[in-house]
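**Student:** Pasting a structure below so you can have a look.
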Amino acid sequence: MVTKQKILIVDDDENIAELISLYLMKECFDTKIVYDGEEALRVFDTYRPNLIILDLMLPGIDGYQVCREIHAKSQTPIIMLSAKGEVFDKVLGLELGADDYMMKPFDSKELVARVRAVLRRYQPVKQEAPPAEKVKCVEYEGLTINLTNYSVVCDGKPVEMPPKELELLYFLAASPNQVFTREQLLDQIWGYEYVGDTRTVDVHIKRLREKLKDHETWSLGTVWGIGYKFNVNRGF
């Protein structure tokens with residue numbers, strides 16, 4: 001069930017307070033009315049509103065003081081409401097931390113729109129969890145090649161190898177039994193702008209074979225006149 005946002009209405013004019021409450025309840029807000037500043041400060045801690053609509057001209061403690069005391073302990077947004085329209089009153093209200101200022105008489109739709117706008121500014125932005133990084137890893141019996149953390153484990157023991165050797169091994173093992181030409185491997189691992197020749201691939205394959213002896217279920221294979229592949233058998 002969606003929790004309604006709570007609006008505390010502080011106005012000594014009962015008719016206006018009831019009217020504001022009616023407008024907001026029609027828009028599915030929960031409201032509470034108080035008629036003076038002292039009561040507003042008492043109710044604030046128990047009601048814990050999401051926003052306060054605060055009249056400036058209140059008996060006893062005025063709206064300015066209420067605003068000061070609430071903002072001394074909370075960042076709850078406040079919309080000040082007053083019959084006063086002088087620039088000084090608006091500036092003072094905003095300097096005290098009010099988030100908006102409306103003059104009476106007011107349009108009900110505008111009031112609701114301003115309430116929603118202020119609440120949106122204070123609504124915490126949902127931090128989307130970053131998508132879990134897809135682990136680039138291939139596994140065969142006795143062999144794990146992890147491109148995410150650049151590690152190779154063979155028969156339970158880590159095998160040290162430079163990045164290009166590991167990338168070449170991973171690329172071949174990720175497409176078992178598929179034949180790749182030396183040119184294709186150069187393009188995939190070293191990039192199209194690589195200035196070396198195809199013997200670079202041969203050298204790296206030779207080093208991989210020195211580090212990884214053929215397994216009964218997999219091996220690095222040579223397709224004479226074409227290139228290389230990662231042989232997989234026995235159900236793999």
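In the structure tokens, chains take letters A, B, ... by order of appearance, with residues numbered from 1 within each chain and ligands from 1 in the order shown.
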Near Gly63 (chain A), within 10 Å and counting only C-alpha atoms, which residues show up once chain neighbours fewer than 2 positions away are dropped, as a PyMOL selection string?

**Tutor:** chain A and resi 10-11+36-37+40+53-61+65-69+80-82+93

**Student:** Determine, counting only C-alpha atoms, which protein, DNA and RNA residues have an atom within 10 Å of an atom of Asp99 (chain A); residues of the same chain fewer than 4 positions away are not included. Present the result as a PyMOL selection string.

**Tutor:** chain A and resi 51-52+76-80+93-95+114-115+118-119+121

**Student:** How would the residues just chosen look if you wrote them out with N, CA, C and O atoms as a PDB file, in the first residue's frame?

**Tutor:**
```pdb
ATOM      1  N   LEU A  51       5.743  18.047   4.447  1.00  0.00           N
ATOM      2  CA  LEU A  51       5.781  19.452   4.046  1.00  0.00           C
ATOM      3  C   LEU A  51       4.868  20.238   4.977  1.00  0.00           C
ATOM      4  O   LEU A  51       3.883  19.703   5.495  1.00  0.00           O
ATOM      5  N   ILE A  52       5.185  21.529   5.153  1.00  0.00           N
ATOM      6  CA  ILE A  52       4.369  22.406   6.007  1.00  0.00           C
ATOM      7  C   ILE A  52       3.878  23.584   5.172  1.00  0.00           C
ATOM      8  O   ILE A  52       4.657  24.213   4.456  1.00  0.00           O
ATOM      9  N   THR A  76      12.596  19.778   6.690  1.00  0.00           N
ATOM     10  CA  THR A  76      11.247  19.663   6.140  1.00  0.00           C
ATOM     11  C   THR A  76      10.898  20.916   5.337  1.00  0.00           C
ATOM     12  O   THR A  76      11.031  22.035   5.837  1.00  0.00           O
ATOM     13  N   PRO A  77      10.456  20.773   4.095  1.00  0.00           N
ATOM     14  CA  PRO A  77      10.150  21.948   3.277  1.00  0.00           C
ATOM     15  C   PRO A  77       8.940  22.712   3.792  1.00  0.00           C
ATOM     16  O   PRO A  77       8.013  22.130   4.365  1.00  0.00           O
ATOM     17  N   ILE A  78       8.977  24.011   3.581  1.00  0.00           N
ATOM     18  CA  ILE A  78       7.915  24.899   4.057  1.00  0.00           C
ATOM     19  C   ILE A  78       7.462  25.811   2.923  1.00  0.00           C
ATOM     20  O   ILE A  78       8.278  26.415   2.228  1.00  0.00           O
ATOM     21  N   ILE A  79       6.146  25.891   2.750  1.00  0.00           N
ATOM     22  CA  ILE A  79       5.558  26.890   1.857  1.00  0.00           C
ATOM     23  C   ILE A  79       4.886  27.932   2.743  1.00  0.00           C
ATOM     24  O   ILE A  79       3.975  27.610   3.512  1.00  0.00           O
ATOM     25  N   MET A  80       5.345  29.171   2.648  1.00  0.00           N
ATOM     26  CA  MET A  80       4.751  30.235   3.454  1.00  0.00           C
ATOM     27  C   MET A  80       3.536  30.797   2.739  1.00  0.00           C
ATOM     28  O   MET A  80       3.530  30.965   1.517  1.00  0.00           O
ATOM     29  N   GLY A  93      11.005  35.668   4.247  1.00  0.00           N
ATOM     30  CA  GLY A  93      10.542  34.290   4.356  1.00  0.00           C
ATOM     31  C   GLY A  93      11.470  33.322   3.656  1.00  0.00           C
ATOM     32  O   GLY A  93      11.820  32.263   4.190  1.00  0.00           O
ATOM     33  N   LEU A  94      11.911  33.685   2.452  1.00  0.00           N
ATOM     34  CA  LEU A  94      12.805  32.801   1.711  1.00  0.00           C
ATOM     35  C   LEU A  94      14.188  32.731   2.350  1.00  0.00           C
ATOM     36  O   LEU A  94      14.836  31.686   2.350  1.00  0.00           O
ATOM     37  N   GLU A  95      14.649  33.853   2.913  1.00  0.00           N
ATOM     38  CA  GLU A  95      15.954  33.838   3.586  1.00  0.00           C
ATOM     39  C   GLU A  95      15.928  32.964   4.833  1.00  0.00           C
ATOM     40  O   GLU A  95      16.959  32.404   5.226  1.00  0.00           O
ATOM     41  N   ARG A 114       2.193  23.690  -6.522  1.00  0.00           N
ATOM     42  CA  ARG A 114       3.408  24.118  -5.808  1.00  0.00           C
ATOM     43  C   ARG A 114       3.791  23.105  -4.728  1.00  0.00           C
ATOM     44  O   ARG A 114       4.975  22.853  -4.504  1.00  0.00           O
ATOM     45  N   VAL A 115       2.804  22.553  -4.069  1.00  0.00           N
ATOM     46  CA  VAL A 115       3.075  21.513  -3.075  1.00  0.00           C
ATOM     47  C   VAL A 115       3.795  20.334  -3.733  1.00  0.00           C
ATOM     48  O   VAL A 115       4.814  19.839  -3.246  1.00  0.00           O
ATOM     49  N   VAL A 118       7.454  21.281  -4.745  1.00  0.00           N
ATOM     50  CA  VAL A 118       8.388  21.316  -3.613  1.00  0.00           C
ATOM     51  C   VAL A 118       8.698  19.904  -3.134  1.00  0.00           C
ATOM     52  O   VAL A 118       9.848  19.568  -2.838  1.00  0.00           O
ATOM     53  N   LEU A 119       7.689  19.062  -3.052  1.00  0.00           N
ATOM     54  CA  LEU A 119       7.910  17.689  -2.603  1.00  0.00           C
ATOM     55  C   LEU A 119       8.826  16.931  -3.559  1.00  0.00           C
ATOM     56  O   LEU A 119       9.650  16.124  -3.130  1.00  0.00           O
ATOM     57  N   ARG A 121      11.238  18.183  -5.250  1.00  0.00           N
ATOM     58  CA  ARG A 121      12.618  18.616  -5.023  1.00  0.00           C
ATOM     59  C   ARG A 121      13.234  17.934  -3.812  1.00  0.00           C
ATOM     60  O   ARG A 121      14.443  17.749  -3.743  1.00  0.00           O
TER      61      ARG A 121
END
```

**Student:** What's around Tyr150 (chain A) at 9 Å? Count only C-alpha atoms, leave out sequence neighbours fewer than 2 positions away in its own chain, and write the answer as a PyMOL selection string.

**Tutor:** chain A and resi 145-148+152+161+163+166-167

**Student:** Could you please take those selected residues and save all heavy atoms as a compact mmCIF listing (two decimals), in the first residue's frame?

**Tutor:**
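Listing of selection15.txt after writing:
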```
# COMPACT_ATOMS: atom_id res chain seq x y z
N ILE A 145 39.33 -19.94 -17.19
CA ILE A 145 39.91 -18.72 -17.76
C ILE A 145 38.96 -17.58 -17.44
O ILE A 145 37.83 -17.55 -17.92
CB ILE A 145 40.09 -18.84 -19.28
CG1 ILE A 145 40.82 -20.14 -19.64
CG2 ILE A 145 40.83 -17.63 -19.83
CD1 ILE A 145 40.59 -20.57 -21.06
N ASN A 146 39.40 -16.64 -16.62
CA ASN A 146 38.56 -15.53 -16.19
C ASN A 146 39.12 -14.24 -16.75
O ASN A 146 40.18 -13.77 -16.33
CB ASN A 146 38.51 -15.48 -14.65
CG ASN A 146 37.45 -14.52 -14.15
OD1 ASN A 146 37.27 -13.45 -14.71
ND2 ASN A 146 36.76 -14.90 -13.08
N LEU A 147 38.39 -13.68 -17.73
CA LEU A 147 38.84 -12.44 -18.35
C LEU A 147 38.50 -11.21 -17.51
O LEU A 147 39.08 -10.15 -17.69
CB LEU A 147 38.22 -12.31 -19.75
CG LEU A 147 38.79 -11.22 -20.66
CD1 LEU A 147 40.27 -11.46 -20.96
CD2 LEU A 147 38.00 -11.13 -21.97
N THR A 148 37.56 -11.37 -16.59
CA THR A 148 37.16 -10.24 -15.74
C THR A 148 38.30 -9.85 -14.79
O THR A 148 38.60 -8.67 -14.62
CB THR A 148 35.89 -10.58 -14.94
OG1 THR A 148 34.84 -10.88 -15.85
CG2 THR A 148 35.47 -9.41 -14.06
N VAL A 152 44.01 -17.31 -14.78
CA VAL A 152 43.88 -18.64 -15.35
C VAL A 152 44.28 -19.64 -14.27
O VAL A 152 45.31 -19.48 -13.61
CB VAL A 152 44.78 -18.82 -16.59
CG1 VAL A 152 44.71 -20.27 -17.09
CG2 VAL A 152 44.38 -17.85 -17.69
N MET A 161 50.32 -15.38 -16.89
CA MET A 161 50.52 -15.09 -18.30
C MET A 161 50.20 -13.64 -18.59
O MET A 161 49.35 -13.03 -17.91
CB MET A 161 49.68 -16.02 -19.19
CG MET A 161 48.20 -15.99 -18.97
SD MET A 161 47.32 -17.18 -20.07
CE MET A 161 47.96 -18.75 -19.54
N PRO A 163 48.70 -10.25 -20.42
CA PRO A 163 47.32 -9.99 -20.84
C PRO A 163 46.98 -10.51 -22.24
O PRO A 163 45.92 -11.10 -22.44
CB PRO A 163 47.21 -8.46 -20.77
CG PRO A 163 48.19 -8.07 -19.72
CD PRO A 163 49.32 -9.03 -19.86
N LEU A 166 46.48 -14.23 -22.30
CA LEU A 166 45.23 -14.61 -21.65
C LEU A 166 44.04 -14.26 -22.54
O LEU A 166 43.10 -15.05 -22.68
CB LEU A 166 45.13 -13.91 -20.30
CG LEU A 166 44.02 -14.41 -19.35
CD1 LEU A 166 44.46 -14.23 -17.90
CD2 LEU A 166 42.70 -13.71 -19.58
N GLU A 167 44.08 -13.09 -23.17
CA GLU A 167 42.97 -12.69 -24.04
C GLU A 167 42.84 -13.63 -25.25
O GLU A 167 41.72 -13.96 -25.66
CB GLU A 167 43.18 -11.25 -24.50
CG GLU A 167 43.02 -10.23 -23.38
CD GLU A 167 43.49 -8.84 -23.78
OE1 GLU A 167 43.73 -8.62 -24.99
OE2 GLU A 167 43.65 -7.99 -22.88
```

**Student:** When DSSP is applied to the backbone of this structure, which of region 35-116 of chain A are assigned strand (DSSP E)? Write them out as a VMD selection string.

**Tutor:** chain A and resid 51 to 55 78 to 82 100 to 103

**Student:** I need the residues from that last selection saved to file as a CSV table (one decimal), in the first residue's frame (with all heavy atoms), if you can.

**Tutor:**
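The result, written out as selection.csv:
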```
chain,number,residue,atom,x,y,z
A,51,LEU,N,5.7,18.0,4.4
A,51,LEU,CA,5.8,19.5,4.0
A,51,LEU,C,4.9,20.2,5.0
A,51,LEU,O,3.9,19.7,5.5
A,51,LEU,CB,5.3,19.6,2.6
A,51,LEU,CG,5.3,21.0,2.0
A,51,LEU,CD1,5.7,21.0,0.5
A,51,LEU,CD2,3.9,21.6,2.1
A,52,ILE,N,5.2,21.5,5.2
A,52,ILE,CA,4.4,22.4,6.0
A,52,ILE,C,3.9,23.6,5.2
A,52,ILE,O,4.7,24.2,4.5
A,52,ILE,CB,5.2,22.9,7.2
A,52,ILE,CG1,5.7,21.8,8.0
A,52,ILE,CG2,4.3,23.9,8.1
A,52,ILE,CD1,6.7,22.2,9.1
A,53,ILE,N,2.6,23.9,5.3
A,53,ILE,CA,2.0,25.1,4.7
A,53,ILE,C,1.8,26.0,5.9
A,53,ILE,O,1.0,25.7,6.8
A,53,ILE,CB,0.7,24.8,4.0
A,53,ILE,CG1,1.0,24.0,2.7
A,53,ILE,CG2,0.1,26.2,3.5
A,53,ILE,CD1,-0.3,23.6,2.0
A,54,LEU,N,2.6,27.1,5.9
A,54,LEU,CA,2.7,27.9,7.1
A,54,LEU,C,2.3,29.4,6.9
A,54,LEU,O,2.8,30.1,6.1
A,54,LEU,CB,4.2,27.9,7.6
A,54,LEU,CG,4.5,28.7,8.8
A,54,LEU,CD1,3.8,28.2,10.0
A,54,LEU,CD2,6.1,28.7,9.0
A,55,ASP,N,1.2,29.8,7.6
A,55,ASP,CA,0.8,31.2,7.5
A,55,ASP,C,1.7,32.0,8.3
A,55,ASP,O,2.2,31.6,9.4
A,55,ASP,CB,-0.6,31.3,8.1
A,55,ASP,CG,-1.2,32.7,7.9
A,55,ASP,OD1,-0.8,33.4,6.9
A,55,ASP,OD2,-2.0,33.1,8.8
A,78,ILE,N,9.0,24.0,3.6
A,78,ILE,CA,7.9,24.9,4.1
A,78,ILE,C,7.5,25.8,2.9
A,78,ILE,O,8.3,26.4,2.2
A,78,ILE,CB,8.4,25.8,5.2
A,78,ILE,CG1,8.7,24.9,6.5
A,78,ILE,CG2,7.4,26.8,5.6
A,78,ILE,CD1,9.3,25.6,7.6
A,79,ILE,N,6.1,25.9,2.8
A,79,ILE,CA,5.6,26.9,1.9
A,79,ILE,C,4.9,27.9,2.7
A,79,ILE,O,4.0,27.6,3.5
A,79,ILE,CB,4.5,26.3,0.9
A,79,ILE,CG1,5.2,25.3,-0.1
A,79,ILE,CG2,3.8,27.4,0.1
A,79,ILE,CD1,4.2,24.6,-1.0
A,80,MET,N,5.3,29.2,2.6
A,80,MET,CA,4.8,30.2,3.5
A,80,MET,C,3.5,30.8,2.7
A,80,MET,O,3.5,31.0,1.5
A,80,MET,CB,5.8,31.3,3.7
A,80,MET,CG,6.8,31.0,4.8
A,80,MET,SD,7.8,32.4,5.3
A,80,MET,CE,8.6,31.7,6.7
A,81,LEU,N,2.5,31.1,3.5
A,81,LEU,CA,1.2,31.6,3.0
A,81,LEU,C,0.9,32.8,3.8
A,81,LEU,O,0.9,32.8,5.0
A,81,LEU,CB,0.2,30.5,3.2
A,81,LEU,CG,-1.1,30.6,2.4
A,81,LEU,CD1,-0.8,30.4,1.0
A,81,LEU,CD2,-2.0,29.5,2.9
A,82,SER,N,0.6,33.9,3.0
A,82,SER,CA,0.3,35.2,3.7
A,82,SER,C,-0.5,36.1,2.8
A,82,SER,O,-0.4,36.0,1.6
A,82,SER,CB,1.6,35.9,4.1
A,82,SER,OG,1.4,37.1,4.7
A,100,ASP,N,8.9,28.1,-0.7
A,100,ASP,CA,8.0,28.8,-1.6
A,100,ASP,C,7.2,29.8,-0.8
A,100,ASP,O,7.1,29.7,0.4
A,100,ASP,CB,7.1,27.8,-2.4
A,100,ASP,CG,6.7,28.4,-3.8
A,100,ASP,OD1,6.8,29.6,-4.0
A,100,ASP,OD2,6.2,27.6,-4.6
A,101,TYR,N,6.6,30.7,-1.5
A,101,TYR,CA,5.8,31.8,-0.9
A,101,TYR,C,4.6,32.1,-1.7
A,101,TYR,O,4.7,32.3,-2.9
A,101,TYR,CB,6.7,33.0,-0.8
A,101,TYR,CG,6.1,34.1,0.1
A,101,TYR,CD1,6.7,34.4,1.3
A,101,TYR,CD2,5.1,34.9,-0.3
A,101,TYR,CE1,6.2,35.5,2.1
A,101,TYR,CE2,4.6,36.0,0.4
A,101,TYR,CZ,5.2,36.2,1.7
A,101,TYR,OH,4.7,37.3,2.4
A,102,MET,N,3.4,31.9,-1.1
A,102,MET,CA,2.1,32.2,-1.8
A,102,MET,C,1.3,33.3,-1.1
A,102,MET,O,1.3,33.3,0.1
A,102,MET,CB,1.3,30.9,-2.0
A,102,MET,CG,1.8,30.0,-3.0
A,102,MET,SD,0.7,28.7,-3.4
A,102,MET,CE,-0.6,29.6,-4.3
A,103,MET,N,0.6,34.1,-1.9
A,103,MET,CA,-0.2,35.1,-1.3
A,103,MET,C,-1.7,34.7,-1.3
A,103,MET,O,-2.1,34.1,-2.2
A,103,MET,CB,0.0,36.4,-2.0
A,103,MET,CG,1.4,37.1,-1.8
A,103,MET,SD,1.4,38.7,-2.6
A,103,MET,CE,1.3,38.3,-4.3
```

**Student:** I need the helix (DSSP H, G or I) residues of region 1-231 of chain A per DSSP on the backbone, written as a PyMOL selection string.

**Tutor:** chain A and resi 14-26+37-47+63-71+87-95+108-122+163-173+182-190+199-211
